[in-house]
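Below you'll find the structure, written out as structure tokens, and then a few comments.
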Amino acid sequence: MRYILNHAAQIGTKPRQSDFVTAYLNSKWDEEEAVYISLPEGFIEWLTETKQGYYPQEEAKRVIENQDQYVIKLKKKLYGLKQAARGWYETMSDWFIKKGYWISRADPYLFVSNRGSLAFAWEDDLILVGEDTDEVLENLGKKFKIKDLGIAKHILGMKINYQSDGRIFLGQEDYVKSLIEDYGMEDCKETGTPMQSNIKLNKAAELDKIEFKKKGLDYRS
């Protein structure tokens, strides 16, 4: 990311940002792959209400009456599946390669075109740098459903600040502020260390662990 922003500053341009809508659903299963899932919550209700035009009446009736005996074969790779991220990457990278890009050795999510344009993708986020960003976005829109977000302002939890002299800075001030608000610490006092420097830690007893869990704190956050 820093390399892309540095490149944008060097050539005197601002990176464009877009978003792939439901990115993972663009990848389909290969012929030799097959994944089945249990009937999802609400499926029977949907089948009962809208079965006309989707299933023959007798078939829909059998599924409704014997739902525990049926599963669904997936046509697309859903979010949450282990294969979904890989499938989306293969689908996306295949598109870029066919359009004349090559994959950077430094980062497999960085694509470089023969015209010197850069494209950096992270799941459903995309950053573009170059003189042909309008053309790239237009071509992407023919293959995928995307949302053009204009000049990049936020990416991966970082805010992008553009200076009048062409310099570009990354910062996480907004992200830190949102964390403070989430945990109700807007009025907390600043300190050099979040703990007393002379405190002695003791291993928690089982009762202490139980009482701490009752508080419902996401301590690791």
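Numbering starts fresh at 1 for the residues of each chain in the structure tokens, the chains themselves are lettered A, B, ... in the order given, and ligands are numbered from 1 as they appear.
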Enumerate, in order of chain and increasing residue number, the residues of stretch 18-45 of chain A with an atom no farther than 7 Å from stretch 88-105 of chain A, each with its shortest atom pair and distance in Å to one decimal, counting only C-alpha atoms, as a Markdown table.
```
| residue | atom | partner | partner_atom | distance |
| --- | --- | --- | --- | --- |
| A:Ala23 | CA | A:Trp88 | CA | 6.9 |
| A:Tyr24 | CA | A:Trp88 | CA | 5.2 |
| A:Asn26 | CA | A:Trp88 | CA | 6.8 |
| A:Ser27 | CA | A:Trp88 | CA | 5.3 |
```
Write out, as a compact mmCIF listing (two decimals), in the first residue's frame, the residues just selected, with N, CA, C and O atoms.
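As written to disk, selection_34.txt reads:
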```
# COMPACT_ATOMS: atom_id res chain seq x y z
N ALA A 23 -18.09 -9.60 -3.56
CA ALA A 23 -16.95 -10.08 -4.35
C ALA A 23 -16.89 -11.59 -4.46
O ALA A 23 -16.74 -12.15 -5.56
N TYR A 24 -16.98 -12.29 -3.33
CA TYR A 24 -16.79 -13.74 -3.33
C TYR A 24 -17.80 -14.48 -4.19
O TYR A 24 -17.53 -15.57 -4.69
N ASN A 26 -18.68 -13.89 -7.04
CA ASN A 26 -18.30 -13.90 -8.45
C ASN A 26 -17.57 -15.17 -8.85
O ASN A 26 -17.42 -15.45 -10.04
N SER A 27 -17.08 -15.91 -7.87
CA SER A 27 -16.32 -17.14 -8.19
C SER A 27 -17.23 -18.35 -8.12
O SER A 27 -18.04 -18.49 -7.20
```
Legend entry - Residue among A:Ser117, A:Asn139, A:Thr48, A:Ser38 lying closest to A:Ile4, counting only C-alpha atoms: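 Looking only at the distances to A:Ile4, the closest residue turns out to be A:Ser117.
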Give the alpha helix (DSSP H) residues of stretch 14-143 of chain A, as DSSP finds them on the backbone, and put them as an mmCIF file with all heavy atoms, in the first residue's frame.
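Output (states32.cif):
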```
data_model
loop_
_atom_site.group_PDB
_atom_site.id
_atom_site.type_symbol
_atom_site.label_atom_id
_atom_site.label_comp_id
_atom_site.auth_asym_id
_atom_site.auth_seq_id
_atom_site.Cartn_x
_atom_site.Cartn_y
_atom_site.Cartn_z
ATOM 1 N N PHE A 43 -35.223 -21.252 4.580
ATOM 2 C CA PHE A 43 -35.386 -21.840 3.244
ATOM 3 C C PHE A 43 -36.763 -22.491 3.092
ATOM 4 O O PHE A 43 -37.415 -22.337 2.062
ATOM 5 C CB PHE A 43 -34.285 -22.872 2.985
ATOM 6 C CG PHE A 43 -34.415 -23.555 1.653
ATOM 7 C CD1 PHE A 43 -33.991 -22.939 0.492
ATOM 8 C CD2 PHE A 43 -34.985 -24.827 1.558
ATOM 9 C CE1 PHE A 43 -34.123 -23.566 -0.737
ATOM 10 C CE2 PHE A 43 -35.116 -25.460 0.335
ATOM 11 C CZ PHE A 43 -34.679 -24.825 -0.819
ATOM 12 N N ILE A 44 -37.183 -23.226 4.101
ATOM 13 C CA ILE A 44 -38.483 -23.905 4.019
ATOM 14 C C ILE A 44 -39.607 -22.879 3.905
ATOM 15 O O ILE A 44 -40.556 -23.057 3.121
ATOM 16 C CB ILE A 44 -38.695 -24.823 5.240
ATOM 17 C CG1 ILE A 44 -37.679 -25.990 5.200
ATOM 18 C CG2 ILE A 44 -40.115 -25.372 5.256
ATOM 19 C CD1 ILE A 44 -37.793 -26.869 3.979
ATOM 20 N N GLU A 45 -39.498 -21.791 4.668
ATOM 21 C CA GLU A 45 -40.522 -20.744 4.585
ATOM 22 C C GLU A 45 -40.543 -20.126 3.187
ATOM 23 O O GLU A 45 -41.613 -19.869 2.620
ATOM 24 C CB GLU A 45 -40.250 -19.659 5.632
ATOM 25 C CG GLU A 45 -40.523 -20.083 7.074
ATOM 26 C CD GLU A 45 -39.440 -20.977 7.637
ATOM 27 O OE1 GLU A 45 -38.399 -21.147 6.965
ATOM 28 O OE2 GLU A 45 -39.624 -21.506 8.743
ATOM 29 N N TRP A 46 -39.341 -19.894 2.646
ATOM 30 C CA TRP A 46 -39.265 -19.343 1.289
ATOM 31 C C TRP A 46 -39.867 -20.312 0.286
ATOM 32 O O TRP A 46 -40.605 -19.910 -0.624
ATOM 33 C CB TRP A 46 -37.801 -19.078 0.942
ATOM 34 C CG TRP A 46 -37.582 -18.741 -0.500
ATOM 35 C CD1 TRP A 46 -37.715 -17.524 -1.094
ATOM 36 C CD2 TRP A 46 -37.196 -19.652 -1.544
ATOM 37 N NE1 TRP A 46 -37.433 -17.604 -2.433
ATOM 38 C CE2 TRP A 46 -37.114 -18.896 -2.747
ATOM 39 C CE3 TRP A 46 -36.905 -21.015 -1.583
ATOM 40 C CZ2 TRP A 46 -36.759 -19.466 -3.959
ATOM 41 C CZ3 TRP A 46 -36.547 -21.585 -2.793
ATOM 42 C CH2 TRP A 46 -36.475 -20.821 -3.966
ATOM 43 N N LEU A 47 -39.566 -21.601 0.443
ATOM 44 C CA LEU A 47 -40.073 -22.611 -0.482
ATOM 45 C C LEU A 47 -41.589 -22.713 -0.387
ATOM 46 O O LEU A 47 -42.279 -22.893 -1.389
ATOM 47 C CB LEU A 47 -39.422 -23.964 -0.163
ATOM 48 C CG LEU A 47 -39.648 -25.093 -1.167
ATOM 49 C CD1 LEU A 47 -39.083 -24.706 -2.527
ATOM 50 C CD2 LEU A 47 -39.004 -26.376 -0.667
ATOM 51 N N THR A 48 -42.105 -22.572 0.823
ATOM 52 C CA THR A 48 -43.556 -22.659 1.023
ATOM 53 C C THR A 48 -44.278 -21.491 0.366
ATOM 54 O O THR A 48 -45.348 -21.645 -0.229
ATOM 55 C CB THR A 48 -43.877 -22.687 2.529
ATOM 56 O OG1 THR A 48 -43.184 -23.781 3.141
ATOM 57 C CG2 THR A 48 -45.371 -22.842 2.763
ATOM 58 N N GLU A 49 -43.663 -20.307 0.451
ATOM 59 C CA GLU A 49 -44.339 -19.099 -0.032
ATOM 60 C C GLU A 49 -44.123 -18.855 -1.521
ATOM 61 O O GLU A 49 -45.003 -18.299 -2.194
ATOM 62 C CB GLU A 49 -43.840 -17.885 0.756
ATOM 63 C CG GLU A 49 -44.168 -17.963 2.248
ATOM 64 C CD GLU A 49 -43.480 -16.865 3.033
ATOM 65 O OE1 GLU A 49 -42.797 -16.026 2.401
ATOM 66 O OE2 GLU A 49 -43.635 -16.834 4.266
ATOM 67 N N THR A 50 -42.963 -19.231 -2.066
ATOM 68 C CA THR A 50 -42.639 -18.857 -3.452
ATOM 69 C C THR A 50 -42.253 -20.055 -4.306
ATOM 70 O O THR A 50 -41.480 -19.911 -5.247
ATOM 71 C CB THR A 50 -41.482 -17.841 -3.474
ATOM 72 O OG1 THR A 50 -40.324 -18.459 -2.893
ATOM 73 C CG2 THR A 50 -41.823 -16.603 -2.689
ATOM 74 N N GLN A 57 -44.455 -28.600 -7.903
ATOM 75 C CA GLN A 57 -45.216 -28.635 -6.653
ATOM 76 C C GLN A 57 -44.965 -29.906 -5.855
ATOM 77 O O GLN A 57 -44.784 -29.858 -4.636
ATOM 78 C CB GLN A 57 -46.713 -28.487 -6.961
ATOM 79 C CG GLN A 57 -47.558 -28.309 -5.718
ATOM 80 C CD GLN A 57 -48.990 -27.950 -6.068
ATOM 81 O OE1 GLN A 57 -49.333 -27.818 -7.227
ATOM 82 N NE2 GLN A 57 -49.822 -27.800 -5.055
ATOM 83 N N GLU A 58 -44.937 -31.054 -6.507
ATOM 84 C CA GLU A 58 -44.730 -32.309 -5.795
ATOM 85 C C GLU A 58 -43.332 -32.390 -5.183
ATOM 86 O O GLU A 58 -43.147 -32.874 -4.065
ATOM 87 C CB GLU A 58 -44.959 -33.495 -6.743
ATOM 88 C CG GLU A 58 -46.413 -33.708 -7.121
ATOM 89 C CD GLU A 58 -47.274 -33.974 -5.891
ATOM 90 O OE1 GLU A 58 -46.811 -34.722 -4.988
ATOM 91 O OE2 GLU A 58 -48.389 -33.436 -5.827
ATOM 92 N N GLU A 59 -42.328 -31.871 -5.922
ATOM 93 C CA GLU A 59 -40.957 -31.891 -5.411
ATOM 94 C C GLU A 59 -40.825 -30.977 -4.202
ATOM 95 O O GLU A 59 -40.187 -31.328 -3.205
ATOM 96 C CB GLU A 59 -39.982 -31.452 -6.503
ATOM 97 C CG GLU A 59 -38.524 -31.497 -6.065
ATOM 98 C CD GLU A 59 -37.586 -31.085 -7.180
ATOM 99 O OE1 GLU A 59 -37.991 -31.147 -8.353
ATOM 100 O OE2 GLU A 59 -36.442 -30.693 -6.866
ATOM 101 N N ALA A 60 -41.423 -29.805 -4.287
ATOM 102 C CA ALA A 60 -41.376 -28.872 -3.156
ATOM 103 C C ALA A 60 -42.045 -29.478 -1.940
ATOM 104 O O ALA A 60 -41.566 -29.330 -0.807
ATOM 105 C CB ALA A 60 -42.058 -27.559 -3.547
ATOM 106 N N LYS A 61 -43.130 -30.192 -2.143
ATOM 107 C CA LYS A 61 -43.846 -30.816 -1.038
ATOM 108 C C LYS A 61 -42.987 -31.863 -0.353
ATOM 109 O O LYS A 61 -42.954 -31.967 0.881
ATOM 110 C CB LYS A 61 -45.148 -31.444 -1.553
ATOM 111 C CG LYS A 61 -46.020 -32.045 -0.461
ATOM 112 C CD LYS A 61 -47.308 -32.607 -1.048
ATOM 113 C CE LYS A 61 -48.169 -33.223 0.044
ATOM 114 N NZ LYS A 61 -49.426 -33.793 -0.533
ATOM 115 N N ARG A 62 -42.242 -32.661 -1.143
ATOM 116 C CA ARG A 62 -41.370 -33.681 -0.557
ATOM 117 C C ARG A 62 -40.269 -33.050 0.289
ATOM 118 O O ARG A 62 -39.926 -33.553 1.359
ATOM 119 C CB ARG A 62 -40.747 -34.540 -1.671
ATOM 120 C CG ARG A 62 -41.698 -35.530 -2.311
ATOM 121 C CD ARG A 62 -40.922 -36.603 -3.063
ATOM 122 N NE ARG A 62 -40.076 -36.031 -4.102
ATOM 123 C CZ ARG A 62 -40.482 -35.808 -5.357
ATOM 124 N NH1 ARG A 62 -41.724 -36.112 -5.712
ATOM 125 N NH2 ARG A 62 -39.645 -35.301 -6.240
ATOM 126 N N VAL A 63 -39.703 -31.943 -0.205
ATOM 127 C CA VAL A 63 -38.639 -31.268 0.550
ATOM 128 C C VAL A 63 -39.183 -30.725 1.863
ATOM 129 O O VAL A 63 -38.563 -30.848 2.923
ATOM 130 C CB VAL A 63 -38.018 -30.129 -0.290
ATOM 131 C CG1 VAL A 63 -37.006 -29.342 0.544
ATOM 132 C CG2 VAL A 63 -37.353 -30.690 -1.540
ATOM 133 N N ILE A 64 -40.371 -30.117 1.816
ATOM 134 C CA ILE A 64 -40.976 -29.526 3.019
ATOM 135 C C ILE A 64 -41.269 -30.604 4.059
ATOM 136 O O ILE A 64 -41.022 -30.425 5.252
ATOM 137 C CB ILE A 64 -42.254 -28.756 2.640
ATOM 138 C CG1 ILE A 64 -41.889 -27.545 1.766
ATOM 139 C CG2 ILE A 64 -43.002 -28.313 3.887
ATOM 140 C CD1 ILE A 64 -43.088 -26.833 1.168
ATOM 141 N N GLU A 65 -41.770 -31.747 3.619
ATOM 142 C CA GLU A 65 -42.155 -32.805 4.544
ATOM 143 C C GLU A 65 -40.962 -33.614 5.051
ATOM 144 O O GLU A 65 -41.029 -34.214 6.128
ATOM 145 C CB GLU A 65 -43.161 -33.746 3.859
ATOM 146 C CG GLU A 65 -44.495 -33.069 3.544
ATOM 147 C CD GLU A 65 -45.437 -33.989 2.801
ATOM 148 O OE1 GLU A 65 -44.970 -35.066 2.363
ATOM 149 O OE2 GLU A 65 -46.632 -33.637 2.650
ATOM 150 N N LYS A 82 -13.822 -21.849 3.396
ATOM 151 C CA LYS A 82 -12.366 -21.803 3.281
ATOM 152 C C LYS A 82 -11.925 -21.590 1.829
ATOM 153 O O LYS A 82 -10.882 -21.002 1.569
ATOM 154 C CB LYS A 82 -11.757 -23.097 3.827
ATOM 155 C CG LYS A 82 -11.947 -23.287 5.323
ATOM 156 C CD LYS A 82 -11.318 -24.582 5.802
ATOM 157 C CE LYS A 82 -11.480 -24.747 7.303
ATOM 158 N NZ LYS A 82 -10.885 -26.011 7.789
ATOM 159 N N GLN A 83 -12.718 -22.079 0.892
ATOM 160 C CA GLN A 83 -12.338 -21.983 -0.516
ATOM 161 C C GLN A 83 -12.724 -20.642 -1.134
ATOM 162 O O GLN A 83 -12.333 -20.332 -2.266
ATOM 163 C CB GLN A 83 -13.017 -23.097 -1.332
ATOM 164 C CG GLN A 83 -12.718 -24.505 -0.841
ATOM 165 C CD GLN A 83 -13.780 -25.001 0.141
ATOM 166 O OE1 GLN A 83 -14.375 -24.220 0.869
ATOM 167 N NE2 GLN A 83 -13.997 -26.305 0.148
ATOM 168 N N ALA A 84 -13.507 -19.826 -0.417
ATOM 169 C CA ALA A 84 -14.074 -18.622 -1.016
ATOM 170 C C ALA A 84 -13.010 -17.593 -1.380
ATOM 171 O O ALA A 84 -13.004 -17.049 -2.491
ATOM 172 C CB ALA A 84 -15.103 -18.011 -0.072
ATOM 173 N N ALA A 85 -12.104 -17.299 -0.445
ATOM 174 C CA ALA A 85 -11.080 -16.279 -0.707
ATOM 175 C C ALA A 85 -10.181 -16.682 -1.869
ATOM 176 O O ALA A 85 -9.848 -15.868 -2.734
ATOM 177 C CB ALA A 85 -10.257 -16.032 0.556
ATOM 178 N N ARG A 86 -9.779 -17.961 -1.887
ATOM 179 C CA ARG A 86 -8.924 -18.442 -2.980
ATOM 180 C C ARG A 86 -9.659 -18.351 -4.314
ATOM 181 O O ARG A 86 -9.092 -17.925 -5.333
ATOM 182 C CB ARG A 86 -8.498 -19.883 -2.720
ATOM 183 C CG ARG A 86 -7.541 -20.441 -3.773
ATOM 184 C CD ARG A 86 -7.409 -21.944 -3.643
ATOM 185 N NE ARG A 86 -8.673 -22.601 -3.936
ATOM 186 C CZ ARG A 86 -8.909 -23.887 -3.717
ATOM 187 N NH1 ARG A 86 -7.983 -24.640 -3.154
ATOM 188 N NH2 ARG A 86 -10.079 -24.430 -4.033
ATOM 189 N N GLY A 87 -10.923 -18.765 -4.308
ATOM 190 C CA GLY A 87 -11.704 -18.736 -5.543
ATOM 191 C C GLY A 87 -11.861 -17.324 -6.083
ATOM 192 O O GLY A 87 -11.762 -17.095 -7.292
ATOM 193 N N TRP A 88 -12.100 -16.364 -5.186
ATOM 194 C CA TRP A 88 -12.256 -14.978 -5.616
ATOM 195 C C TRP A 88 -10.932 -14.439 -6.159
ATOM 196 O O TRP A 88 -10.902 -13.764 -7.178
ATOM 197 C CB TRP A 88 -12.747 -14.113 -4.467
ATOM 198 C CG TRP A 88 -12.579 -12.633 -4.685
ATOM 199 C CD1 TRP A 88 -11.925 -11.747 -3.889
ATOM 200 C CD2 TRP A 88 -13.083 -11.872 -5.786
ATOM 201 N NE1 TRP A 88 -11.971 -10.487 -4.424
ATOM 202 C CE2 TRP A 88 -12.683 -10.529 -5.590
ATOM 203 C CE3 TRP A 88 -13.820 -12.179 -6.934
ATOM 204 C CZ2 TRP A 88 -12.992 -9.509 -6.487
ATOM 205 C CZ3 TRP A 88 -14.133 -11.166 -7.830
ATOM 206 C CH2 TRP A 88 -13.732 -9.846 -7.598
ATOM 207 N N TYR A 89 -9.830 -14.775 -5.496
ATOM 208 C CA TYR A 89 -8.532 -14.301 -5.975
ATOM 209 C C TYR A 89 -8.245 -14.845 -7.373
ATOM 210 O O TYR A 89 -7.765 -14.114 -8.248
ATOM 211 C CB TYR A 89 -7.410 -14.709 -5.023
ATOM 212 C CG TYR A 89 -6.045 -14.350 -5.549
ATOM 213 C CD1 TYR A 89 -5.577 -13.038 -5.471
ATOM 214 C CD2 TYR A 89 -5.237 -15.310 -6.154
ATOM 215 C CE1 TYR A 89 -4.341 -12.690 -5.989
ATOM 216 C CE2 TYR A 89 -3.998 -14.969 -6.667
ATOM 217 C CZ TYR A 89 -3.551 -13.658 -6.579
ATOM 218 O OH TYR A 89 -2.331 -13.321 -7.110
ATOM 219 N N GLU A 90 -8.515 -16.115 -7.588
ATOM 220 C CA GLU A 90 -8.257 -16.716 -8.900
ATOM 221 C C GLU A 90 -9.129 -16.063 -9.972
ATOM 222 O O GLU A 90 -8.670 -15.817 -11.093
ATOM 223 C CB GLU A 90 -8.522 -18.217 -8.842
ATOM 224 C CG GLU A 90 -7.502 -18.983 -7.995
ATOM 225 C CD GLU A 90 -7.860 -20.445 -7.832
ATOM 226 O OE1 GLU A 90 -9.008 -20.819 -8.176
ATOM 227 O OE2 GLU A 90 -7.003 -21.224 -7.377
ATOM 228 N N THR A 91 -10.387 -15.783 -9.632
ATOM 229 C CA THR A 91 -11.287 -15.144 -10.590
ATOM 230 C C THR A 91 -10.814 -13.739 -10.936
ATOM 231 O O THR A 91 -10.765 -13.339 -12.098
ATOM 232 C CB THR A 91 -12.716 -15.082 -10.016
ATOM 233 O OG1 THR A 91 -13.173 -16.409 -9.740
ATOM 234 C CG2 THR A 91 -13.673 -14.413 -10.988
ATOM 235 N N MET A 92 -10.457 -12.974 -9.891
ATOM 236 C CA MET A 92 -10.027 -11.592 -10.082
ATOM 237 C C MET A 92 -8.688 -11.511 -10.807
ATOM 238 O O MET A 92 -8.522 -10.743 -11.764
ATOM 239 C CB MET A 92 -9.924 -10.897 -8.726
ATOM 240 C CG MET A 92 -9.377 -9.482 -8.779
ATOM 241 S SD MET A 92 -9.133 -8.822 -7.131
ATOM 242 C CE MET A 92 -7.978 -10.031 -6.446
ATOM 243 N N SER A 93 -7.700 -12.312 -10.363
ATOM 244 C CA SER A 93 -6.373 -12.261 -10.979
ATOM 245 C C SER A 93 -6.427 -12.721 -12.432
ATOM 246 O O SER A 93 -5.686 -12.201 -13.281
ATOM 247 C CB SER A 93 -5.386 -13.119 -10.179
ATOM 248 O OG SER A 93 -5.807 -14.470 -10.132
ATOM 249 N N ASP A 94 -7.282 -13.677 -12.740
ATOM 250 C CA ASP A 94 -7.431 -14.137 -14.116
ATOM 251 C C ASP A 94 -7.907 -12.998 -15.014
ATOM 252 O O ASP A 94 -7.446 -12.854 -16.151
ATOM 253 C CB ASP A 94 -8.421 -15.307 -14.165
ATOM 254 C CG ASP A 94 -8.591 -15.858 -15.570
ATOM 255 O OD1 ASP A 94 -7.613 -16.380 -16.116
ATOM 256 O OD2 ASP A 94 -9.708 -15.749 -16.118
ATOM 257 N N TRP A 95 -8.806 -12.152 -14.483
ATOM 258 C CA TRP A 95 -9.291 -11.010 -15.262
ATOM 259 C C TRP A 95 -8.157 -10.032 -15.546
ATOM 260 O O TRP A 95 -7.977 -9.573 -16.687
ATOM 261 C CB TRP A 95 -10.413 -10.297 -14.508
ATOM 262 C CG TRP A 95 -11.033 -9.178 -15.300
ATOM 263 C CD1 TRP A 95 -12.109 -9.264 -16.142
ATOM 264 C CD2 TRP A 95 -10.586 -7.813 -15.345
ATOM 265 N NE1 TRP A 95 -12.366 -8.031 -16.700
ATOM 266 C CE2 TRP A 95 -11.448 -7.129 -16.232
ATOM 267 C CE3 TRP A 95 -9.563 -7.111 -14.734
ATOM 268 C CZ2 TRP A 95 -11.312 -5.769 -16.509
ATOM 269 C CZ3 TRP A 95 -9.412 -5.751 -15.012
ATOM 270 C CH2 TRP A 95 -10.272 -5.099 -15.881
ATOM 271 N N PHE A 96 -7.367 -9.708 -14.524
ATOM 272 C CA PHE A 96 -6.277 -8.754 -14.702
ATOM 273 C C PHE A 96 -5.223 -9.288 -15.674
ATOM 274 O O PHE A 96 -4.706 -8.547 -16.515
ATOM 275 C CB PHE A 96 -5.628 -8.421 -13.361
ATOM 276 C CG PHE A 96 -6.361 -7.362 -12.588
ATOM 277 C CD1 PHE A 96 -7.102 -7.689 -11.456
ATOM 278 C CD2 PHE A 96 -6.318 -6.037 -12.983
ATOM 279 C CE1 PHE A 96 -7.781 -6.715 -10.746
ATOM 280 C CE2 PHE A 96 -7.002 -5.045 -12.280
ATOM 281 C CZ PHE A 96 -7.732 -5.389 -11.149
ATOM 282 N N ILE A 97 -4.901 -10.562 -15.567
ATOM 283 C CA ILE A 97 -3.891 -11.150 -16.452
ATOM 284 C C ILE A 97 -4.355 -11.091 -17.906
ATOM 285 O O ILE A 97 -3.576 -10.769 -18.814
ATOM 286 C CB ILE A 97 -3.597 -12.601 -16.029
ATOM 287 C CG1 ILE A 97 -2.870 -12.615 -14.679
ATOM 288 C CG2 ILE A 97 -2.767 -13.313 -17.088
ATOM 289 C CD1 ILE A 97 -2.700 -13.995 -14.081
ATOM 290 N N LYS A 98 -5.629 -11.371 -18.147
ATOM 291 C CA LYS A 98 -6.155 -11.322 -19.504
ATOM 292 C C LYS A 98 -6.162 -9.899 -20.059
ATOM 293 O O LYS A 98 -6.170 -9.704 -21.290
ATOM 294 C CB LYS A 98 -7.573 -11.898 -19.536
ATOM 295 C CG LYS A 98 -7.621 -13.412 -19.357
ATOM 296 C CD LYS A 98 -9.045 -13.926 -19.394
ATOM 297 C CE LYS A 98 -9.083 -15.445 -19.250
ATOM 298 N NZ LYS A 98 -10.475 -15.971 -19.240
ATOM 299 N N THR A 133 -7.329 4.911 -15.257
ATOM 300 C CA THR A 133 -8.232 4.379 -14.231
ATOM 301 C C THR A 133 -9.691 4.359 -14.692
ATOM 302 O O THR A 133 -10.434 3.436 -14.361
ATOM 303 C CB THR A 133 -8.112 5.198 -12.934
ATOM 304 O OG1 THR A 133 -8.310 6.586 -13.225
ATOM 305 C CG2 THR A 133 -6.736 5.016 -12.303
ATOM 306 N N ASP A 134 -10.109 5.386 -15.454
ATOM 307 C CA ASP A 134 -11.490 5.401 -15.953
ATOM 308 C C ASP A 134 -11.749 4.198 -16.863
ATOM 309 O O ASP A 134 -12.790 3.544 -16.775
ATOM 310 C CB ASP A 134 -11.767 6.700 -16.720
ATOM 311 C CG ASP A 134 -11.871 7.903 -15.807
ATOM 312 O OD1 ASP A 134 -12.247 7.724 -14.634
ATOM 313 O OD2 ASP A 134 -11.572 9.020 -16.268
ATOM 314 N N GLU A 135 -10.792 3.923 -17.725
ATOM 315 C CA GLU A 135 -10.935 2.793 -18.647
ATOM 316 C C GLU A 135 -10.959 1.468 -17.893
ATOM 317 O O GLU A 135 -11.760 0.578 -18.214
ATOM 318 C CB GLU A 135 -9.774 2.806 -19.646
ATOM 319 C CG GLU A 135 -9.808 1.659 -20.644
ATOM 320 C CD GLU A 135 -8.589 1.652 -21.546
ATOM 321 O OE1 GLU A 135 -7.853 2.660 -21.571
ATOM 322 O OE2 GLU A 135 -8.364 0.619 -22.223
ATOM 323 N N VAL A 136 -10.076 1.334 -16.892
ATOM 324 C CA VAL A 136 -10.026 0.093 -16.118
ATOM 325 C C VAL A 136 -11.343 -0.142 -15.383
ATOM 326 O O VAL A 136 -11.895 -1.250 -15.389
ATOM 327 C CB VAL A 136 -8.855 0.132 -15.112
ATOM 328 C CG1 VAL A 136 -8.885 -1.112 -14.225
ATOM 329 C CG2 VAL A 136 -7.526 0.220 -15.846
ATOM 330 N N LEU A 137 -11.862 0.904 -14.751
ATOM 331 C CA LEU A 137 -13.119 0.770 -14.014
ATOM 332 C C LEU A 137 -14.280 0.445 -14.950
ATOM 333 O O LEU A 137 -15.171 -0.337 -14.602
ATOM 334 C CB LEU A 137 -13.412 2.051 -13.237
ATOM 335 C CG LEU A 137 -12.535 2.303 -12.009
ATOM 336 C CD1 LEU A 137 -12.826 3.674 -11.402
ATOM 337 C CD2 LEU A 137 -12.754 1.213 -10.964
ATOM 338 N N GLU A 138 -14.256 1.036 -16.140
ATOM 339 C CA GLU A 138 -15.314 0.748 -17.111
ATOM 340 C C GLU A 138 -15.281 -0.722 -17.526
ATOM 341 O O GLU A 138 -16.322 -1.379 -17.600
ATOM 342 C CB GLU A 138 -15.158 1.649 -18.328
ATOM 343 C CG GLU A 138 -16.241 1.436 -19.369
ATOM 344 C CD GLU A 138 -16.066 2.325 -20.584
ATOM 345 O OE1 GLU A 138 -15.179 3.205 -20.566
ATOM 346 O OE2 GLU A 138 -16.826 2.135 -21.574
ATOM 347 N N ASN A 139 -14.089 -1.235 -17.784
ATOM 348 C CA ASN A 139 -13.960 -2.639 -18.176
ATOM 349 C C ASN A 139 -14.291 -3.581 -17.025
ATOM 350 O O ASN A 139 -14.900 -4.636 -17.229
ATOM 351 C CB ASN A 139 -12.536 -2.903 -18.678
ATOM 352 C CG ASN A 139 -12.264 -2.266 -20.021
ATOM 353 O OD1 ASN A 139 -13.171 -2.111 -20.842
ATOM 354 N ND2 ASN A 139 -11.017 -1.858 -20.255
ATOM 355 N N LEU A 140 -13.878 -3.211 -15.803
ATOM 356 C CA LEU A 140 -14.221 -4.023 -14.634
ATOM 357 C C LEU A 140 -15.733 -4.109 -14.455
ATOM 358 O O LEU A 140 -16.273 -5.162 -14.107
ATOM 359 C CB LEU A 140 -13.589 -3.433 -13.380
ATOM 360 C CG LEU A 140 -12.149 -3.821 -13.063
ATOM 361 C CD1 LEU A 140 -11.606 -2.949 -11.940
ATOM 362 C CD2 LEU A 140 -12.051 -5.286 -12.677
ATOM 363 N N GLY A 141 -16.416 -2.984 -14.709
ATOM 364 C CA GLY A 141 -17.868 -2.952 -14.552
ATOM 365 C C GLY A 141 -18.607 -3.848 -15.518
ATOM 366 O O GLY A 141 -19.757 -4.220 -15.284
ATOM 367 N N LYS A 142 -17.947 -4.213 -16.628
ATOM 368 C CA LYS A 142 -18.573 -5.122 -17.579
ATOM 369 C C LYS A 142 -18.529 -6.568 -17.101
ATOM 370 O O LYS A 142 -19.325 -7.400 -17.539
ATOM 371 C CB LYS A 142 -17.870 -5.005 -18.940
ATOM 372 C CG LYS A 142 -18.003 -3.637 -19.587
ATOM 373 C CD LYS A 142 -17.210 -3.568 -20.882
ATOM 374 C CE LYS A 142 -17.296 -2.192 -21.523
ATOM 375 N NZ LYS A 142 -16.485 -2.094 -22.765
ATOM 376 N N LYS A 143 -17.568 -6.859 -16.208
ATOM 377 C CA LYS A 143 -17.396 -8.227 -15.715
ATOM 378 C C LYS A 143 -17.952 -8.408 -14.310
ATOM 379 O O LYS A 143 -18.577 -9.422 -14.002
ATOM 380 C CB LYS A 143 -15.907 -8.584 -15.738
ATOM 381 C CG LYS A 143 -15.561 -9.930 -15.136
ATOM 382 C CD LYS A 143 -16.108 -11.087 -15.949
ATOM 383 C CE LYS A 143 -15.658 -12.415 -15.379
ATOM 384 N NZ LYS A 143 -16.183 -13.559 -16.136
#
```
Legend entry - Near-A:Pro15 list (8 Å; only C-alpha atoms; drop same-chain fewer than 3 positions) as a ChimeraX atom specification: /A:5,8,127-130,151-152
Inset, instruction - Could you tell me which of A:Leu217, A:Val176, A:Met1, A:Leu156 comes closest to A:Asp125 if we count only C-alpha atoms? - result: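 Of A:Leu217, A:Val176, A:Met1, A:Leu156, the one nearest A:Asp125 is A:Leu156, counting only C-alpha atoms.
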Legend entry - Coordinates-based distance that separates atom CA of A:Thr22 from atom CA of A:Leu74 (Å, one decimal):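 Between these atoms lies a distance of 15.8 Å.
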Inset, instruction - List every residue of stretch 25-73 of chain A that DSSP, applied to the backbone, labels as strand (DSSP E), and write the result as number ranges by chain. - result: A: 36-38, 71-73
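Of note, atom CA of A:Asn66 and atom CA of A:Leu39 are spaced 11.2 Å apart.
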Legend entry - Nearest to A:Tyr162 by atom-to-atom distance, counting only C-alpha atoms, from A:Lys14, A:Lys213, A:Lys28, A:Lys203: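 Smallest distance to A:Tyr162 is found for A:Lys14.
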